[in-house]
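As provided, input11.cif (mmCIF, C-alpha atoms) reads as follows.
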data_work
#
loop_
_atom_site.label_atom_id
_atom_site.label_comp_id
_atom_site.auth_asym_id
_atom_site.auth_seq_id
_atom_site.Cartn_x
_atom_site.Cartn_y
_atom_site.Cartn_z
CA MET Y 110 0.00 0.00 0.00
CA GLU Y 111 1.14 3.55 -0.71
CA LYS Y 112 2.60 5.74 1.98
CA LEU Y 113 -0.16 7.82 3.57
CA ARG Y 114 0.20 11.52 4.38
CA VAL Y 115 -1.64 13.40 7.10
CA ILE Y 116 -3.55 16.52 6.11
CA SER Y 117 -5.86 18.79 8.00
CA ALA Y 118 -8.92 20.54 6.62
CA LYS Y 119 -11.36 23.02 8.00
CA ILE Y 120 -14.97 22.19 7.24
CA PRO Y 121 -18.22 23.89 8.28
CA GLU Y 122 -19.77 22.74 11.55
CA GLU Y 123 -22.92 21.49 9.78
CA VAL Y 124 -20.91 19.29 7.42
CA TYR Y 125 -18.95 17.87 10.36
CA LYS Y 126 -22.15 17.04 12.27
CA GLU Y 127 -23.63 15.40 9.17
CA MET Y 128 -20.49 13.31 8.71
CA ILE Y 129 -20.58 12.19 12.36
CA LEU Y 130 -24.21 11.07 11.92
CA ARG Y 131 -23.67 9.22 8.64
CA VAL Y 132 -20.13 7.77 8.85
CA PRO Y 133 -19.08 5.45 11.71
CA GLU Y 134 -16.09 6.55 13.81
CA GLY Y 135 -13.50 4.06 12.49
CA GLU Y 136 -14.31 4.68 8.81
CA ARG Y 137 -14.14 8.50 8.64
CA SER Y 138 -10.54 8.65 7.37
CA SER Y 139 -11.22 6.25 4.53
CA PHE Y 140 -14.49 8.09 3.75
CA ILE Y 141 -12.68 11.43 3.43
CA ARG Y 142 -9.87 9.79 1.42
CA ASP Y 143 -12.41 8.22 -0.97
CA ALA Y 144 -14.27 11.52 -1.33
CA ILE Y 145 -11.04 13.31 -2.25
CA MET Y 146 -10.07 10.59 -4.74
CA GLU Y 147 -13.53 10.71 -6.35
CA LYS Y 148 -13.36 14.50 -6.71
CA LEU Y 149 -9.82 14.32 -8.15
CA GLN Y 150 -10.91 11.82 -10.78
CA LYS Y 151 -13.63 14.21 -11.94
CA THR Y 152 -11.19 17.14 -12.16
CA PRO Y 153 -9.14 17.22 -15.40
CA LYS Y 154 -5.38 17.27 -15.08
CA PRO Y 155 -3.73 20.56 -16.08
CA ASP Y 156 -1.24 18.69 -18.25
CA LYS Y 157 -4.10 17.19 -20.23
CA ILE Y 158 -5.69 20.62 -20.70
CA LEU Y 159 -2.41 22.13 -21.89
CA GLU Y 160 -1.88 19.20 -24.26
CA LEU Y 161 -5.40 19.61 -25.66
CA GLU Y 162 -4.85 23.36 -26.14
CA ARG Y 163 -1.61 22.66 -28.01
CA ARG Y 164 -3.30 20.09 -30.21
CA VAL Y 165 -6.21 22.42 -31.02
CA GLY Y 166 -3.77 25.24 -31.83
CA LYS Y 167 -1.81 22.94 -34.11
CA MET Y 168 -5.00 21.83 -35.86
CA GLU Y 169 -6.06 25.47 -36.36
CA LYS Y 170 -2.70 26.29 -37.96
CA GLU Y 171 -2.90 23.26 -40.23
CA PHE Y 172 -6.47 24.13 -41.20
CA ALA Y 173 -5.42 27.71 -42.00
CA GLN Y 174 -2.57 26.34 -44.12
CA ILE Y 175 -4.98 24.07 -46.01
CA ARG Y 176 -7.27 27.04 -46.64
CA LYS Y 177 -4.28 29.02 -47.89
CA TYR Y 178 -3.31 26.24 -50.30
CA LEU Y 179 -6.88 26.00 -51.56
CA ALA Y 180 -6.98 29.76 -52.04
CA ASP Y 181 -3.68 29.66 -53.91
CA LEU Y 182 -5.12 26.98 -56.17
CA GLU Y 183 -8.27 29.12 -56.43
CA LEU Y 184 -10.38 26.18 -55.29
CA LEU Y 185 -11.64 28.14 -52.34
CA THR Y 186 -13.95 30.85 -53.57
CA TYR Y 187 -14.76 34.07 -51.79
CA GLY Y 188 -17.91 35.11 -53.66
CA PRO Y 189 -20.65 34.57 -51.09
CA GLU Y 190 -18.22 34.45 -48.13
CA LYS Y 191 -17.01 38.01 -48.07
CA ALA Y 192 -15.34 39.02 -44.83
CA ASN Y 193 -15.78 42.08 -42.68
CA PRO Y 194 -12.27 43.60 -42.33
CA HIS Y 195 -13.15 44.80 -38.82
CA THR Y 196 -13.17 41.20 -37.59
CA PHE Y 197 -9.38 41.18 -37.80
CA CYS Y 198 -9.03 44.28 -35.59
CA ILE Y 199 -8.00 43.99 -31.97
CA ASP Y 200 -8.52 47.51 -30.64
CA GLU Y 201 -9.72 50.98 -31.55
CA THR Y 202 -6.49 51.86 -33.40
CA ASP Y 203 -6.97 48.90 -35.74
CA HIS Y 204 -10.60 49.90 -36.34
CA LYS Y 205 -9.53 53.46 -37.21
CA ILE Y 206 -6.94 52.12 -39.67
CA ILE Y 207 -9.51 49.92 -41.39
CA ASP Y 208 -12.08 52.75 -41.47
CA TYR Y 209 -9.54 55.04 -43.14
CA LEU Y 210 -8.59 52.38 -45.69
CA ILE Y 211 -12.24 51.68 -46.49
CA HIS Y 212 -13.05 55.36 -46.87
CA TYR Y 213 -10.05 56.25 -49.04
CA LYS Y 214 -9.62 52.73 -50.56
CA GLY Y 215 -5.92 52.91 -49.69
CA ALA Y 216 -3.31 54.92 -47.82
CA THR Y 217 0.40 55.20 -47.18
CA THR Y 218 1.79 54.49 -43.74
CA PRO Y 219 2.69 58.17 -43.09
CA GLU Y 220 -0.87 59.22 -44.07
CA LEU Y 221 -2.34 56.77 -41.60
CA ALA Y 222 0.11 57.84 -38.89
CA GLU Y 223 -0.79 61.49 -39.42
CA HIS Y 224 -4.51 60.69 -39.34
CA LEU Y 225 -4.14 58.68 -36.11
CA LYS Y 226 -1.60 61.14 -34.66
CA THR Y 227 0.79 58.33 -33.82
CA ASN Y 228 4.08 56.75 -34.82
CA ARG Y 229 4.23 55.32 -38.37
CA TRP Y 230 6.04 52.22 -37.07
CA LEU Y 231 3.08 51.45 -34.84
CA VAL Y 232 0.77 51.81 -37.84
CA LEU Y 233 3.02 49.60 -39.97
CA ASN Y 234 3.08 46.87 -37.30
CA ARG Y 235 -0.72 47.06 -36.97
CA LEU Y 236 -1.16 46.79 -40.76
CA ARG Y 237 1.13 43.77 -40.91
CA ARG Y 238 -0.71 42.11 -38.01
CA ILE Y 239 -4.12 42.66 -39.66
CA GLN Y 240 -2.71 41.33 -42.92
CA LYS Y 241 -1.26 38.25 -41.20
CA ARG Y 242 -4.41 37.47 -39.18
CA SER Y 243 -6.68 37.77 -42.20
CA LYS Y 244 -4.35 35.64 -44.32
CA ASN Y 245 -4.26 32.94 -41.63
CA GLN Y 246 -8.06 32.87 -41.34
CA LEU Y 247 -9.14 33.41 -44.94
CA GLY Y 248 -6.16 32.23 -46.94
CA LYS Y 249 -5.85 35.70 -48.52
CA ALA Y 250 -5.26 39.03 -46.82
CA VAL Y 251 -8.03 41.65 -46.61
CA ILE Y 252 -5.39 44.38 -46.92
CA TYR Y 253 -2.22 44.31 -48.98
CA TYR Y 254 0.82 46.44 -49.69
CA TYR Y 255 1.58 47.59 -53.24
CA ALA Y 256 4.92 49.33 -53.82
CA GLY Y 257 4.09 50.71 -57.27
CA GLU Y 258 1.92 53.70 -58.10
CA ARG Y 259 -1.83 53.29 -57.96
CA SER Y 260 -4.49 56.01 -57.72
CA GLY Y 261 -1.79 58.63 -57.27
CA LYS Y 262 -0.17 56.87 -54.29
CA LYS Y 263 3.16 55.10 -54.23
CA ARG Y 264 4.03 52.39 -51.71
CA ALA Y 265 0.61 52.25 -50.10
CA TRP Y 266 -1.69 49.79 -48.34
CA TRP Y 267 -4.92 48.86 -50.09
CA ILE Y 268 -8.13 47.15 -49.07
CA ASN Y 269 -8.80 43.91 -50.98
CA GLU Y 270 -12.29 44.70 -52.29
CA GLU Y 271 -12.96 41.20 -53.66
CA LEU Y 272 -12.71 39.77 -50.13
CA THR Y 273 -14.43 42.47 -48.12
CA GLU Y 274 -18.05 43.36 -47.66
CA ILE Y 275 -17.91 47.12 -48.01
#
Reformat the file's structure so that it appears as structure tokens.
Amino acid sequence: MEKLRVISAKIPEEVYKEMILRVPEGERSSFIRDAIMEKLQKTPKPDKILELERRVGKMEKEFAQIRKYLADLELLTYGPEKANPHTFCIDETDHKIIDYLIHYKGATTPELAEHLKTNRWLVLNRLRRIQKRSKNQLGKAVIYYYAGERSGKKRAWWINEELTEI
């Protein structure tokens, strides 16, 4: 038999009285031990939960990769499944960036930084994060960067109108 350890626990007076009435004096230790073991068996192990979270995360990444491959092969269509670009925003700054891009159809990083009255590096990082999140979820990005000239702007970010419900 395993080595037994002594523990102490504080329980409410009513529970103690109920236990005295129901459980004979010599069997109380084994009763409490069995109750603890029963409760532990119903409680999931943290290692199992972490392992399940890892497995689900891995499956999500693989699923996103499959969607990306299907999109690259143009087997996954976006016609009826247009996405709202705001779903890829995390906070108010992201929403303002998307609103500006929707309104003006595109913008350079300095224009967005001036509009938001913030650092252009922050704006650039936000744009890249939105682009990455949308690409992971949809297979194609809802915003993209084009270095050439388009609509009078050079090196600007554009909203992908074929994927968005504007």
Quick one: residues within 8 Å of range 198-207 of chain Y, all atoms listed in the file counted, chain neighbours fewer than 4 positions away excluded, as an NGL selection string? :Y and (194 or 211 or 221 or 225 or 232 or 235-236 or 239)
Could you give me the axis-aligned bounding box of range 239-254 of chain Y, with 3 Å of padding per side, as centre plus edge lengths in Å to one decimal, as AutoDock Vina command-line options?
--center_x -4.2 --center_y 39.3 --center_z -44.4 --size_x 16.0 --size_y 20.2 --size_z 16.5
Check what the PyMOL selection byres ((chain Y and resi 256) around 12) selects in the file above and give those residues as a ChimeraX atom specification. /Y:216-218,253-255,257-259,261-267
Quick check, in Å to one decimal: how far apart do CA of Ile268 in chain Y and CA of Glu169 in chain Y lie?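 Pair CA of Ile268 in chain Y / CA of Glu169 in chain Y returns 25.2 Å.
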Would you compute the distance between CA of Tyr213 in chain Y and CA of Asn228 in chain Y? Give it in Å to one decimal. 20.1 Å
Separation of CA of Thr152 in chain Y from CA of Glu122 in chain Y in Å: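 Going from CA of Glu122 in chain Y over to CA of Thr152 in chain Y covers 25.8 Å.
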Counting all atoms listed in the file, the residue of Y:Ser260, Y:Met128, Y:Asn234, Y:His224 that sits nearest Ala144 in chain Y: Y:Met128
Skip Ile116 in chain Y itself and residues of its chain fewer than 4 positions away, then list as a ChimeraX atom specification all residues within 12 Å of it, counting all atoms listed in the file. /Y:138,141-142,145
Just C-alpha atoms for this one: save the residues we selected as a PDB file, in the frame of the given file.
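Generated file (selection.pdb):
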ATOM      1  CA  SER Y 138     -10.540   8.650   7.370  1.00  0.00           C
ATOM      2  CA  ILE Y 141     -12.680  11.430   3.430  1.00  0.00           C
ATOM      3  CA  ARG Y 142      -9.870   9.790   1.420  1.00  0.00           C
ATOM      4  CA  ILE Y 145     -11.040  13.310  -2.250  1.00  0.00           C
TER       5      ILE Y 145
END
My structure is short of atoms at range 217-233 of chain Y; please model N, CA, C and O atoms there, returning them as an mmCIF file, in the frame of the given file.
data_model
loop_
_atom_site.group_PDB
_atom_site.id
_atom_site.type_symbol
_atom_site.label_atom_id
_atom_site.label_comp_id
_atom_site.auth_asym_id
_atom_site.auth_seq_id
_atom_site.Cartn_x
_atom_site.Cartn_y
_atom_site.Cartn_z
ATOM 1 N N THR Y 217 -0.984 55.482 -47.533
ATOM 2 C CA THR Y 217 0.400 55.200 -47.180
ATOM 3 C C THR Y 217 0.513 55.165 -45.658
ATOM 4 O O THR Y 217 -0.359 55.682 -44.952
ATOM 5 N N THR Y 218 1.586 54.583 -45.185
ATOM 6 C CA THR Y 218 1.790 54.490 -43.740
ATOM 7 C C THR Y 218 1.897 55.884 -43.104
ATOM 8 O O THR Y 218 1.276 56.123 -42.063
ATOM 9 N N PRO Y 219 2.649 56.827 -43.688
ATOM 10 C CA PRO Y 219 2.690 58.170 -43.090
ATOM 11 C C PRO Y 219 1.314 58.859 -43.052
ATOM 12 O O PRO Y 219 1.009 59.569 -42.096
ATOM 13 N N GLU Y 220 0.482 58.640 -44.088
ATOM 14 C CA GLU Y 220 -0.870 59.220 -44.070
ATOM 15 C C GLU Y 220 -1.680 58.676 -42.893
ATOM 16 O O GLU Y 220 -2.354 59.430 -42.190
ATOM 17 N N LEU Y 221 -1.605 57.382 -42.708
ATOM 18 C CA LEU Y 221 -2.340 56.770 -41.600
ATOM 19 C C LEU Y 221 -1.808 57.249 -40.254
ATOM 20 O O LEU Y 221 -2.578 57.523 -39.334
ATOM 21 N N ALA Y 222 -0.486 57.375 -40.141
ATOM 22 C CA ALA Y 222 0.110 57.840 -38.890
ATOM 23 C C ALA Y 222 -0.318 59.271 -38.579
ATOM 24 O O ALA Y 222 -0.611 59.617 -37.429
ATOM 25 N N GLU Y 223 -0.374 60.101 -39.613
ATOM 26 C CA GLU Y 223 -0.790 61.490 -39.420
ATOM 27 C C GLU Y 223 -2.272 61.542 -39.020
ATOM 28 O O GLU Y 223 -2.655 62.306 -38.133
ATOM 29 N N HIS Y 224 -3.084 60.722 -39.670
ATOM 30 C CA HIS Y 224 -4.510 60.690 -39.340
ATOM 31 C C HIS Y 224 -4.744 60.228 -37.907
ATOM 32 O O HIS Y 224 -5.589 60.781 -37.201
ATOM 33 N N LEU Y 225 -3.980 59.231 -37.457
ATOM 34 C CA LEU Y 225 -4.140 58.680 -36.110
ATOM 35 C C LEU Y 225 -3.334 59.454 -35.063
ATOM 36 O O LEU Y 225 -3.446 59.162 -33.870
ATOM 37 N N LYS Y 226 -2.481 60.369 -35.543
ATOM 38 C CA LYS Y 226 -1.600 61.140 -34.660
ATOM 39 C C LYS Y 226 -0.741 60.204 -33.810
ATOM 40 O O LYS Y 226 -0.726 60.279 -32.573
ATOM 41 N N THR Y 227 -0.055 59.313 -34.495
ATOM 42 C CA THR Y 227 0.790 58.330 -33.820
ATOM 43 C C THR Y 227 2.028 58.046 -34.661
ATOM 44 O O THR Y 227 2.219 58.617 -35.732
ATOM 45 N N ASN Y 228 2.829 57.154 -34.193
ATOM 46 C CA ASN Y 228 4.080 56.750 -34.820
ATOM 47 C C ASN Y 228 3.787 55.886 -36.050
ATOM 48 O O ASN Y 228 2.946 54.996 -36.012
ATOM 49 N N ARG Y 229 4.499 56.105 -37.161
ATOM 50 C CA ARG Y 229 4.230 55.320 -38.370
ATOM 51 C C ARG Y 229 4.665 53.867 -38.205
ATOM 52 O O ARG Y 229 4.137 52.983 -38.873
ATOM 53 N N TRP Y 230 5.618 53.606 -37.302
ATOM 54 C CA TRP Y 230 6.040 52.220 -37.070
ATOM 55 C C TRP Y 230 4.936 51.432 -36.373
ATOM 56 O O TRP Y 230 4.733 50.238 -36.661
ATOM 57 N N LEU Y 231 4.225 52.086 -35.476
ATOM 58 C CA LEU Y 231 3.080 51.450 -34.840
ATOM 59 C C LEU Y 231 2.024 51.100 -35.887
ATOM 60 O O LEU Y 231 1.491 49.991 -35.904
ATOM 61 N N VAL Y 232 1.758 52.038 -36.778
ATOM 62 C CA VAL Y 232 0.770 51.810 -37.840
ATOM 63 C C VAL Y 232 1.225 50.666 -38.737
ATOM 64 O O VAL Y 232 0.430 49.787 -39.087
ATOM 65 N N LEU Y 233 2.501 50.660 -39.108
ATOM 66 C CA LEU Y 233 3.020 49.600 -39.970
ATOM 67 C C LEU Y 233 2.876 48.226 -39.298
ATOM 68 O O LEU Y 233 2.448 47.258 -39.936
#
